[in-house]
$ cat model.cif   # mmCIF, C-alpha atoms
data_upload
loop_
_atom_site.label_atom_id
_atom_site.label_comp_id
_atom_site.auth_asym_id
_atom_site.auth_seq_id
_atom_site.Cartn_x
_atom_site.Cartn_y
_atom_site.Cartn_z
CA MET O 1 115.33 123.71 114.48
CA THR O 2 114.60 122.42 110.96
CA PHE O 3 112.31 119.40 110.75
CA ILE O 4 113.99 116.80 108.55
CA LYS O 5 111.72 114.34 106.79
CA ILE O 6 113.22 110.88 106.47
CA THR O 7 110.37 110.16 104.04
CA GLU O 8 111.90 112.72 101.65
CA GLN O 9 115.52 111.57 101.97
CA PRO O 10 117.23 110.10 98.87
CA SER O 11 116.65 106.41 98.24
CA LEU O 12 119.38 103.99 99.21
CA HIS O 13 119.09 102.68 95.64
CA ASP O 14 120.09 104.70 92.58
CA HIS O 15 120.18 104.51 88.77
CA LEU O 16 116.89 102.63 88.93
CA GLU O 17 116.20 103.12 85.24
CA GLN O 18 119.37 101.15 84.46
CA GLN O 19 118.41 98.15 86.58
CA SER O 20 116.85 94.93 85.30
CA VAL O 21 113.33 94.01 86.36
CA ARG O 22 114.79 91.38 88.71
CA GLU O 23 117.10 93.94 90.33
CA LEU O 24 114.21 96.37 90.81
CA LEU O 25 112.02 93.73 92.41
CA GLU O 26 114.78 92.52 94.71
CA GLY O 27 115.52 96.11 95.75
CA ILE O 28 111.88 96.81 96.57
CA ASN O 29 111.66 93.55 98.52
CA GLU O 30 114.86 94.39 100.40
CA GLU O 31 113.29 97.66 101.56
CA ASP O 32 109.92 96.03 102.35
CA GLN O 33 111.60 93.64 104.78
CA LYS O 34 112.36 96.63 107.01
CA VAL O 35 108.68 97.47 107.48
CA ALA O 36 107.59 94.72 109.87
CA LEU O 37 110.55 95.43 112.14
CA ALA O 38 109.68 99.14 112.22
CA VAL O 39 106.06 98.30 113.06
CA ARG O 40 107.16 95.90 115.81
CA LYS O 41 108.92 98.76 117.61
CA CYS O 42 105.58 100.59 117.75
CA ILE O 43 103.68 97.83 119.55
CA PRO O 44 103.77 99.53 123.00
CA GLN O 45 102.06 102.63 121.57
CA ILE O 46 99.60 100.54 119.54
CA GLU O 47 98.75 98.56 122.69
CA ARG O 48 97.96 101.77 124.61
CA LEU O 49 95.80 102.97 121.76
CA VAL O 50 93.81 99.74 121.33
CA THR O 51 93.15 99.53 125.06
CA ALA O 52 91.83 103.10 125.06
CA ILE O 53 89.71 102.55 121.91
CA VAL O 54 88.09 99.41 123.35
CA GLU O 55 87.10 101.26 126.53
CA ARG O 56 85.49 104.02 124.49
CA MET O 57 83.75 101.76 121.98
CA GLN O 58 82.26 99.73 124.85
CA ARG O 59 80.59 103.00 125.88
CA GLY O 60 79.23 103.49 122.36
CA GLY O 61 82.13 105.53 120.99
CA ARG O 62 83.33 105.43 117.40
CA LEU O 63 86.72 105.22 115.73
CA PHE O 64 87.66 107.79 113.08
CA TYR O 65 90.59 107.56 110.68
CA ILE O 66 91.55 110.78 108.93
CA GLY O 67 94.19 111.26 106.24
CA ALA O 68 95.02 112.52 102.76
CA GLY O 69 96.17 110.68 99.64
CA THR O 70 97.47 107.16 100.24
CA SER O 71 97.09 107.57 104.01
CA GLY O 72 93.45 108.60 103.67
CA ARG O 73 92.70 105.76 101.26
CA LEU O 74 94.15 103.19 103.64
CA GLY O 75 92.03 104.54 106.48
CA VAL O 76 88.86 104.38 104.36
CA LEU O 77 89.80 100.85 103.27
CA ASP O 78 90.24 99.59 106.82
CA ALA O 79 87.02 101.24 107.99
CA SER O 80 85.04 99.82 105.07
CA GLU O 81 86.12 96.25 105.88
CA ILE O 82 84.92 96.27 109.51
CA PRO O 83 81.16 95.67 108.91
CA PRO O 84 81.56 92.69 106.54
CA THR O 85 84.42 91.13 108.49
CA PHE O 86 83.17 91.59 112.03
CA GLY O 87 79.47 92.36 111.63
CA MET O 88 79.81 95.78 113.25
CA PRO O 89 77.13 98.29 112.27
CA PRO O 90 78.30 100.77 109.62
CA GLY O 91 79.29 104.03 111.24
CA ARG O 92 81.21 102.61 114.19
CA VAL O 93 84.52 102.88 112.31
CA ILE O 94 84.67 105.79 109.86
CA GLY O 95 87.36 106.76 107.37
CA LEU O 96 87.68 110.38 106.23
CA ILE O 97 89.90 111.45 103.33
CA ALA O 98 90.85 114.95 102.24
CA GLY O 99 88.85 115.78 99.13
CA GLY O 100 86.02 113.35 99.94
CA ASP O 101 85.08 110.17 98.08
CA ARG O 102 86.37 111.56 94.75
CA ALA O 103 89.86 111.48 96.28
CA LEU O 104 89.66 107.69 96.62
CA ARG O 105 90.26 107.38 92.88
CA ASN O 106 91.71 110.73 91.85
CA ALA O 107 94.15 113.22 93.33
CA VAL O 108 92.20 116.27 94.52
CA GLU O 109 94.39 119.34 94.17
CA ASN O 110 95.30 121.12 97.42
CA ALA O 111 92.74 119.12 99.46
CA GLU O 112 95.31 118.17 102.10
CA ASP O 113 96.40 121.81 102.49
CA ASN O 114 93.00 122.96 103.81
CA PRO O 115 93.57 123.04 107.60
CA MET O 116 89.94 123.58 108.57
CA ARG O 117 88.16 120.94 106.51
CA GLY O 118 89.15 117.89 108.60
CA TRP O 119 87.63 119.22 111.82
CA GLU O 120 84.56 120.41 109.91
CA GLU O 121 84.01 116.86 108.63
CA LEU O 122 84.41 115.41 112.11
CA GLN O 123 81.82 117.88 113.38
CA GLU O 124 79.46 116.81 110.59
CA HIS O 125 79.61 113.35 112.19
CA ARG O 126 78.77 114.91 115.58
CA ILE O 127 82.02 113.70 117.08
CA GLY O 128 81.97 113.38 120.88
CA PRO O 129 84.10 112.60 123.94
CA ASP O 130 83.76 108.80 123.65
CA ASP O 131 85.10 108.83 120.08
CA THR O 132 88.73 108.37 118.99
CA VAL O 133 90.47 110.12 116.08
CA ILE O 134 93.55 108.61 114.44
CA GLY O 135 95.39 110.93 112.07
CA ILE O 136 97.43 109.19 109.38
CA ALA O 137 100.18 111.07 107.50
CA ALA O 138 103.47 109.55 106.35
CA SER O 139 105.19 112.94 106.38
CA GLY O 140 103.59 113.97 109.65
CA THR O 141 102.99 117.46 108.28
CA THR O 142 99.59 117.31 106.52
CA PRO O 143 97.57 120.43 107.52
CA TYR O 144 94.18 118.73 106.97
CA VAL O 145 95.12 116.07 109.52
CA ILE O 146 97.12 118.13 111.99
CA HIS O 147 94.42 120.74 112.58
CA ALA O 148 91.72 118.06 112.91
CA LEU O 149 93.71 116.35 115.67
CA ARG O 150 94.46 119.65 117.39
CA ALA O 151 90.78 120.63 117.42
CA ALA O 152 89.65 117.17 118.54
CA ARG O 153 92.13 117.16 121.40
CA THR O 154 90.96 120.63 122.46
CA HIS O 155 87.46 119.18 122.75
CA GLY O 156 88.61 116.35 125.01
CA ILE O 157 88.58 113.66 122.31
CA LEU O 158 91.28 110.97 122.34
CA THR O 159 93.72 111.49 119.48
CA ALA O 160 96.42 109.31 117.97
CA SER O 161 98.74 109.64 114.99
CA ILE O 162 100.58 107.36 112.61
CA CYS O 163 103.55 108.78 110.69
CA SER O 164 106.97 107.81 109.35
CA ASN O 165 109.11 110.66 110.67
CA PRO O 166 110.48 111.09 114.21
CA ASP O 167 109.32 114.12 116.21
CA ALA O 168 106.84 115.05 113.47
CA PRO O 169 104.40 117.96 113.92
CA ILE O 170 101.46 115.53 113.85
CA SER O 171 102.91 113.67 116.87
CA ARG O 172 102.66 116.83 118.98
CA GLU O 173 98.87 116.91 118.39
CA ALA O 174 98.32 113.29 119.46
CA ASP O 175 97.73 111.78 122.88
CA ILE O 176 99.32 108.61 121.50
CA ALA O 177 101.90 109.11 118.75
CA ILE O 178 102.92 106.12 116.64
CA GLU O 179 106.13 106.89 114.73
CA MET O 180 106.94 104.03 112.38
CA ILE O 181 110.42 104.81 111.03
CA VAL O 182 110.86 102.77 107.85
CA GLY O 183 113.61 104.94 106.33
CA PRO O 184 113.90 106.41 102.82
CA GLU O 185 111.60 104.98 100.18
CA PHE O 186 112.84 102.87 97.24
CA VAL O 187 111.71 105.66 94.92
CA THR O 188 112.66 108.86 96.75
CA GLY O 189 109.64 110.38 98.48
CA SER O 190 107.15 107.73 97.29
CA SER O 191 105.49 107.12 100.65
CA ARG O 192 102.84 104.90 99.05
CA MET O 193 105.51 102.19 99.29
CA LYS O 194 107.07 101.31 102.68
CA SER O 195 105.14 103.94 104.63
CA GLY O 196 101.86 102.81 103.08
CA THR O 197 102.63 99.17 103.77
CA GLY O 198 103.44 99.94 107.39
CA GLN O 199 100.29 102.04 107.80
CA LYS O 200 98.20 99.16 106.46
CA MET O 201 99.82 96.78 108.93
CA ILE O 202 99.21 99.09 111.88
CA LEU O 203 95.59 99.78 110.92
CA ASN O 204 95.01 96.02 110.62
CA MET O 205 96.50 95.56 114.08
CA ILE O 206 94.39 98.33 115.63
CA SER O 207 91.04 97.32 114.13
CA THR O 208 91.50 93.55 114.43
CA ALA O 209 92.68 93.63 118.05
CA THR O 210 89.87 96.06 118.91
CA MET O 211 87.19 93.88 117.32
CA ILE O 212 88.52 90.77 119.08
CA LYS O 213 88.42 92.53 122.47
CA LEU O 214 84.87 93.68 121.69
CA GLY O 215 83.84 90.03 121.31
CA ARG O 216 83.49 89.97 117.51
CA VAL O 217 85.69 86.86 117.16
CA LYS O 218 85.35 83.44 118.79
CA GLY O 219 88.41 81.23 118.95
CA ASN O 220 90.07 82.49 115.80
CA ARG O 221 86.94 82.80 113.66
CA MET O 222 84.88 85.69 112.29
CA VAL O 223 81.62 84.50 113.81
CA ASN O 224 79.85 87.82 113.13
CA MET O 225 80.88 88.25 109.47
CA GLN O 226 78.25 89.29 106.93
CA LEU O 227 77.09 86.54 104.58
CA SER O 228 77.52 88.70 101.51
CA ASN O 229 78.63 86.05 99.00
CA GLN O 230 78.72 82.29 98.52
CA LYS O 231 82.32 81.98 99.72
CA LEU O 232 81.37 83.51 103.06
CA VAL O 233 78.20 81.42 103.34
CA ASP O 234 80.32 78.31 102.79
CA ARG O 235 82.90 79.46 105.35
CA GLY O 236 80.16 80.20 107.86
CA THR O 237 78.49 76.87 107.23
CA ARG O 238 81.72 75.03 108.01
CA MET O 239 82.10 77.01 111.23
CA VAL O 240 78.60 75.99 112.31
CA MET O 241 79.36 72.38 111.35
CA ASP O 242 82.48 72.39 113.54
CA GLU O 243 80.78 74.07 116.49
CA LEU O 244 77.61 71.96 116.50
CA HIS O 245 78.84 68.74 114.86
CA LEU O 246 76.12 68.89 112.21
CA PRO O 247 76.05 67.82 108.54
CA TYR O 248 76.69 70.53 105.94
CA GLU O 249 73.13 71.11 104.73
CA GLN O 250 71.68 71.33 108.22
CA ALA O 251 74.42 73.75 109.29
CA ARG O 252 73.83 75.87 106.18
CA GLU O 253 70.10 76.05 106.81
CA LEU O 254 70.69 77.18 110.41
CA LEU O 255 73.23 79.79 109.28
CA LEU O 256 70.94 81.31 106.68
CA ARG O 257 67.97 81.29 109.04
CA HIS O 258 69.80 83.15 111.82
CA GLY O 259 72.07 85.35 109.67
CA SER O 260 75.42 84.78 111.40
CA VAL O 261 77.54 82.00 112.81
CA ARG O 262 77.26 83.38 116.34
CA LYS O 263 73.46 83.66 116.22
CA ALA O 264 73.05 80.21 114.67
CA VAL O 265 75.27 78.54 117.26
CA ASP O 266 73.84 80.46 120.23
CA ALA O 267 70.23 79.79 119.22
CA THR O 268 70.86 76.08 118.68
CA LEU O 269 72.70 75.63 121.97
CA GLN O 270 69.97 77.54 123.79
CA ALA O 271 67.31 75.32 122.22
CA GLN O 272 69.25 72.20 123.22
CA ASP O 273 69.64 73.53 126.76
CA ASP O 274 65.91 74.30 127.02
CA SER O 275 64.92 70.84 125.75
CA SER O 276 67.25 69.13 128.23
CA LYS O 277 65.43 70.85 131.10
CA HIS O 278 62.05 69.39 130.11
#
$ encode --input "model.cif" --output "structure tokens"
Amino acid sequence: MTFIKITEQPSLHDHLEQQSVRELLEGINEEDQKVALAVRKCIPQIERLVTAIVERMQRGGRLFYIGAGTSGRLGVLDASEIPPTFGMPPGRVIGLIAGGDRALRNAVENAEDNPMRGWEELQEHRIGPDDTVIGIAASGTTPYVIHALRAARTHGILTASICSNPDAPISREADIAIEMIVGPEFVTGSSRMKSGTGQKMILNMISTATMIKLGRVKGNRMVNMQLSNQKLVDRGTRMVMDELHLPYEQARELLLRHGSVRKAVDATLQAQDDSSKH
């Protein structure tokens, strides 16, 4: 049976070079509106995955994303945003891309076709049974990703996949397969478009829901975020103000002294509790 890639099927839009800029933009937007609906259909699988990741991370496990090209870049992007957003130590969520860091900016020829390299890189990180590996590949056929998942699964490591084709080879290597069927791309085969958008949405869902369940958010606020610029210091200060009903300067001083909203609030409430007992 021949595997048919929807991601390679002809676009529903043609003669693009003859269209006005407005027509091109409206056509792209028309296709983009299909993405959120395709992602919504995947929520049951995403729920299973997040629940399993949380259990493993509570035991000290890590989350690995692995992909090539656009898929790899999106995984690295999501992983890189976890420490500043949620205050998680670097190394708890790790993004691997075929061809290494150079591939973040430049196409590395044939990197995704090396079937052994992905598992070798996971081994370099001393991957273990409490870790989770999510393979990302719009086509669902990337050798670098497929073999890494197969090897990880053989070693008893939880595996998941995100792709844009039904019954893709990558899905057969995953304990939890997420098949986000967005249909043909606006430019035929350009999976950096709808497929990439959908991958970004799913990765946001996975990492954000996981971090919330791990206690890295309070209410709806990033109380563990890193104070890496003035905008974030100001945001954190206002959170402390709201929590403790303090003036701005006092809240800012507490925030900078303790290093995070959570620590500033917890320390202040503890001090107030101690003083009320004496």
$ closest_residue --input "model.cif" --among "O:Pro247, O:Ser228, O:Gly219, O:Gly99" --to "Arg262 of chain O" --atoms "all atoms listed in the file"
O:Gly219
$ residues_around --input "model.cif" --residues "Thr237 of chain O" --least-positions-apart "2" --cutoff "8 Å" --atoms "only C-alpha atoms" --output "ChimeraX atom specification"
/O:233-235,239-241,248,251-252,255,261
$ residues_around --input "model.cif" --residues "Asp32 of chain O" --least-positions-apart "4" --cutoff "10 Å" --atoms "only C-alpha atoms" --output "list in words"
Glu26, Gly27, Ile28, Ala36, Leu37, Val182, Glu185, Phe186, Met193, Lys194, Ser195, Thr197 and Gly198 of chain O
$ write_last_selection --input "model.cif" --atoms "C-alpha atoms" --output "CSV table (one decimal), keeping the file's coordinate frame"
chain,number,residue,atom,x,y,z
O,26,GLU,CA,114.8,92.5,94.7
O,27,GLY,CA,115.5,96.1,95.8
O,28,ILE,CA,111.9,96.8,96.6
O,36,ALA,CA,107.6,94.7,109.9
O,37,LEU,CA,110.6,95.4,112.1
O,182,VAL,CA,110.9,102.8,107.8
O,185,GLU,CA,111.6,105.0,100.2
O,186,PHE,CA,112.8,102.9,97.2
O,193,MET,CA,105.5,102.2,99.3
O,194,LYS,CA,107.1,101.3,102.7
O,195,SER,CA,105.1,103.9,104.6
O,197,THR,CA,102.6,99.2,103.8
O,198,GLY,CA,103.4,99.9,107.4
$ residues_around --input "model.cif" --residues "Ala174 of chain O" --least-positions-apart "2" --cutoff "6 Å" --atoms "only C-alpha atoms" --output "NGL selection string"
:O and (159-161 or 171-172 or 176-177)
$ atom_distance --input "model.cif" --atom1 "atom CA of Ser139 of chain O" --atom2 "atom CA of Arg22 of chain O"
29.5 Å
$ residues_near_point --input "model.cif" --point "(84.1, 97.5, 106.9)" --cutoff "10 Å" --atoms "all atoms listed in the file" --output "PyMOL selection string"
chain O and resi 76-95
$ atom_distance --input "model.cif" --atom1 "atom CA of Pro143 of chain O" --atom2 "atom CA of Leu63 of chain O"
20.4 Å
$ atom_distance --input "model.cif" --atom1 "atom CA of His155 of chain O" --atom2 "atom CA of Asn110 of chain O"
26.6 Å
$ closest_residue --input "model.cif" --among "O:Gly100, O:Pro129, O:Gly140, O:Gly118" --to "Ile162 of chain O" --atoms "all atoms listed in the file"
O:Gly140
$ residues_around --input "model.cif" --residues "Lys41 of chain O" --least-positions-apart "2" --cutoff "10 Å" --atoms "all atoms listed in the file" --output "MDAnalysis selection string"
chainID O and resid 36:39 43:46 178:181
$ residues_around --input "model.cif" --residues "Thr268 of chain O" --least-positions-apart "5" --cutoff "9 Å" --atoms "all atoms listed in the file" --output "PyMOL selection string"
chain O and resi 244+254+263+273
$ write_last_selection --input "model.cif" --atoms "C-alpha atoms" --output "PDB file, keeping the file's coordinate frame"
ATOM      1  CA  LEU O 244      77.610  71.960 116.500  1.00  0.00           C
ATOM      2  CA  LEU O 254      70.690  77.180 110.410  1.00  0.00           C
ATOM      3  CA  LYS O 263      73.460  83.660 116.220  1.00  0.00           C
ATOM      4  CA  ASP O 273      69.640  73.530 126.760  1.00  0.00           C
TER       5      ASP O 273
END
$ residues_near_point --input "model.cif" --point "(91.8, 117.1, 114.5)" --cutoff "10 Å" --atoms "only C-alpha atoms" --output "PyMOL selection string"
chain O and resi 66+115-122+133-135+143-155+157-160+170+173-174
$ write_last_selection --input "model.cif" --atoms "C-alpha atoms" --output "mmCIF file, in the coordinates of the input"
data_model
loop_
_atom_site.group_PDB
_atom_site.id
_atom_site.type_symbol
_atom_site.label_atom_id
_atom_site.label_comp_id
_atom_site.auth_asym_id
_atom_site.auth_seq_id
_atom_site.Cartn_x
_atom_site.Cartn_y
_atom_site.Cartn_z
ATOM 1 C CA ILE O 66 91.550 110.780 108.930
ATOM 2 C CA PRO O 115 93.570 123.040 107.600
ATOM 3 C CA MET O 116 89.940 123.580 108.570
ATOM 4 C CA ARG O 117 88.160 120.940 106.510
ATOM 5 C CA GLY O 118 89.150 117.890 108.600
ATOM 6 C CA TRP O 119 87.630 119.220 111.820
ATOM 7 C CA GLU O 120 84.560 120.410 109.910
ATOM 8 C CA GLU O 121 84.010 116.860 108.630
ATOM 9 C CA LEU O 122 84.410 115.410 112.110
ATOM 10 C CA VAL O 133 90.470 110.120 116.080
ATOM 11 C CA ILE O 134 93.550 108.610 114.440
ATOM 12 C CA GLY O 135 95.390 110.930 112.070
ATOM 13 C CA PRO O 143 97.570 120.430 107.520
ATOM 14 C CA TYR O 144 94.180 118.730 106.970
ATOM 15 C CA VAL O 145 95.120 116.070 109.520
ATOM 16 C CA ILE O 146 97.120 118.130 111.990
ATOM 17 C CA HIS O 147 94.420 120.740 112.580
ATOM 18 C CA ALA O 148 91.720 118.060 112.910
ATOM 19 C CA LEU O 149 93.710 116.350 115.670
ATOM 20 C CA ARG O 150 94.460 119.650 117.390
ATOM 21 C CA ALA O 151 90.780 120.630 117.420
ATOM 22 C CA ALA O 152 89.650 117.170 118.540
ATOM 23 C CA ARG O 153 92.130 117.160 121.400
ATOM 24 C CA THR O 154 90.960 120.630 122.460
ATOM 25 C CA HIS O 155 87.460 119.180 122.750
ATOM 26 C CA ILE O 157 88.580 113.660 122.310
ATOM 27 C CA LEU O 158 91.280 110.970 122.340
ATOM 28 C CA THR O 159 93.720 111.490 119.480
ATOM 29 C CA ALA O 160 96.420 109.310 117.970
ATOM 30 C CA ILE O 170 101.460 115.530 113.850
ATOM 31 C CA GLU O 173 98.870 116.910 118.390
ATOM 32 C CA ALA O 174 98.320 113.290 119.460
#
